[in-house]
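Report on one structure; see the data block that follows.
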Amino acid sequence: MRKIVIAIDGYSACGKSSTAKEVASQLGYSYIDSGAMYRAVTLYFHQNYVTLDNPKEINKAIDNMTISFIFNERKVASETYLNGLNVEEEIRKMYISNQVSQVSAIPEVRKNMVSQQRKLGKKKGVVMDGRDIGSNVFPDAELKVFMRANLQVRAERRQAELLEKGQLVPIPEIEENLLSRDKMDSERKENPLVIPKDAYILDTSELTLPEQVDYVLQLATEKMIKHDV
């Protein structure tokens with residue numbers, strides 16, 4: 001069957017990355033976590049004291065950054081590298097989560113990241129998750145899925161992820177972070193978080209990861225068969 005592009009968007013901690021990663025693995029597709037790219041930019045800006053309202057500083061910083069991924073044998077982008085250094089663990093910390101929506105709203109940043117993301121998906125056979133993949137990065141993607149879940153479930157999932165990395169963060173703090181990011185991502189002028197008109201909506205509040213994966217795989221199979229006809 002011909003390869004397609006699968007765009008998975010949605011709110012933080014809805015299971016986007018876990019689902020996208022497993023779907024890519026089962027299909028033999030490449031998986032790209034677009035959020036990791038914005039987190040890497042945020043880390044660089046934080047470390048280099050880049051002023052977020054200074055276009056000159058921002059453009060200079062972007063020119064000095066190289067973001068890359070290490071893919072494992074299943075073609076899953078498992079590690080994020082910033083200028084040759086593995087930053088996968090650092091970019092998942094809460095201080096980055098608290099800044100990433102502000103950084104990702106900067107037009108110069110989005111323009112550069114979207115350009116890179118489109119290059120990564122040019123040959124198709126890719127699953128990419130983020131905030132504007134189906135609405136902006138790949139508006140012609142054969143399959144678009146928008147994921148959501150209730151706030152309590154999202155906060156509990158994020159807390160569990162952080163605990164696995166040795167970070168203990170109270171639920172109220174996580175909920176505040178999630179709500180703040182939801183607001184900033186949905187209200188930003190540059191490619192806001194929206195539900196694409198042709199996206200399938202998947203509420204994961206009461207679904208297990210295997211159930212989420214099976215749902216997307218079923219849709220993908222239908223799209224690939226249709227694409228082949």
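In the structure tokens, the first chain shown is A, the next is B, and so on; residue numbers restart at 1 for each chain, and ligands run from 1 in the order shown.
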
Problem - Test item: residues at most 9 Å from Val127 (chain A), only C-alpha atoms, excluding those fewer than 4 positions along its chain, as an MDAnalysis selection string - result: chainID A and resid 4:8 20:21 23:24 29:33 121

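Counting only C-alpha atoms, Ala155 (chain A) has the following residues at most 12 Å away, ignoring those fewer than 4 positions along the same chain: A:Tyr11, A:Ser12, A:Ala13, A:Cys14, A:Gly15, A:Ala149, A:Asn150, A:Leu151, A:Gln159, A:Ala160, A:Glu161, A:Leu162, A:Val169, A:Pro170, A:Ile171, A:Pro172, A:Glu173, A:Ile174, A:Glu175, A:Glu176, A:Asn177, A:Leu178, A:Leu179, A:Ser205.
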
Handout entry: 12 Å contact set for Ile225 (chain A), only C-alpha atoms, chain neighbours under 6 positions out, as a list in words
Key = Met1, Arg2, Lys3, Ile4, Glu142, Gln218 and Leu219 of chain A

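For region 131-168 of chain A, backbone-based DSSP assignment of strand (DSSP E) covers Leu143, Lys144, Val145, Phe146, Met147 and Arg148 of chain A.
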
Practice task
List every residue of region 43-129 of chain A that DSSP, applied to the backbone of this structure, places in alpha helix (DSSP H), and write the result as a ChimeraX atom specification.
Solution key: /A:43-47,55-63,94-97,100-104,107-120

Restricting the output to C-alpha atoms, write the selected residues as a compact mmCIF listing (two decimals), in the first residue's frame.
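What follows is the written file part36.txt:
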```txt
# COMPACT_ATOMS: atom_id res chain seq x y z
CA LEU A 43 15.98 25.24 25.93
CA TYR A 44 18.43 27.07 23.67
CA PHE A 45 16.67 30.41 24.23
CA HIS A 46 16.67 29.79 27.99
CA GLN A 47 20.36 28.86 28.12
CA PRO A 55 13.50 39.58 16.33
CA LYS A 56 17.20 40.22 15.71
CA GLU A 57 18.24 38.09 18.69
CA ILE A 58 15.69 35.42 17.79
CA ASN A 59 16.85 35.10 14.19
CA LYS A 60 20.49 34.97 15.28
CA ALA A 61 19.67 32.22 17.78
CA ILE A 62 17.77 30.21 15.16
CA ASP A 63 20.74 30.45 12.79
CA MET A 94 8.72 21.46 33.93
CA TYR A 95 10.66 24.69 33.50
CA ILE A 96 10.71 24.03 29.76
CA SER A 97 7.00 23.12 29.79
CA VAL A 100 7.50 26.39 25.47
CA SER A 101 4.10 27.82 24.47
CA GLN A 102 5.45 31.35 24.67
CA VAL A 103 8.47 30.47 22.54
CA SER A 104 6.49 28.42 20.02
CA PRO A 107 6.48 33.82 14.22
CA GLU A 108 10.17 33.43 13.37
CA VAL A 109 10.36 30.22 15.40
CA ARG A 110 7.23 28.69 13.89
CA LYS A 111 8.27 29.54 10.34
CA ASN A 112 11.64 27.82 10.81
CA MET A 113 10.26 24.75 12.58
CA VAL A 114 7.40 24.26 10.11
CA SER A 115 9.89 24.38 7.23
CA GLN A 116 11.96 21.63 8.88
CA GLN A 117 8.88 19.55 9.67
CA ARG A 118 7.65 19.67 6.08
CA LYS A 119 11.03 18.46 4.85
CA LEU A 120 10.86 15.52 7.27
```

Exercise for the section: Select, from A:Arg188, A:Lys183, A:Arg154, A:Lys165, the residue with the minimum atom-to-atom distance to Glu90 (chain A), counting only C-alpha atoms. Expected result: A:Lys165

Completion exercise
Tyr200 (chain A) proximity check over A:Ala36, A:Asp132, A:Gly125, A:Leu143, using only C-alpha atoms: winner is A:Leu143

Practice task
With a distance cut-off of 7 Å and only C-alpha atoms, select the neighbouring residues of Leu202 (chain A), excluding the residue or stretch itself and same-chain residues fewer than 6 positions from it, and output the selection as a ChimeraX atom specification.
Solution key: /A:145-148

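For the choices A:Lys122, A:Val50, A:Arg131, A:Leu85, the atom-to-atom distance to Tyr38 (chain A) is smallest for A:Arg131 when using only C-alpha atoms.
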
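Considering only C-alpha atoms, the residue among A:Leu27, A:Gln99, A:Glu79, A:Arg92 positioned nearest to Leu52 (chain A) is A:Gln99.
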
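Nearest to Glu206 (chain A) of all the residues A:Ser186, A:Thr42, A:Thr221, A:Gln152 is A:Gln152, counting only C-alpha atoms.
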
Problem - Residue among A:Lys144, A:Glu156, A:Gly130, A:Tyr49 lying closest to Lys197 (chain A), counting only C-alpha atoms - result: A:Lys144
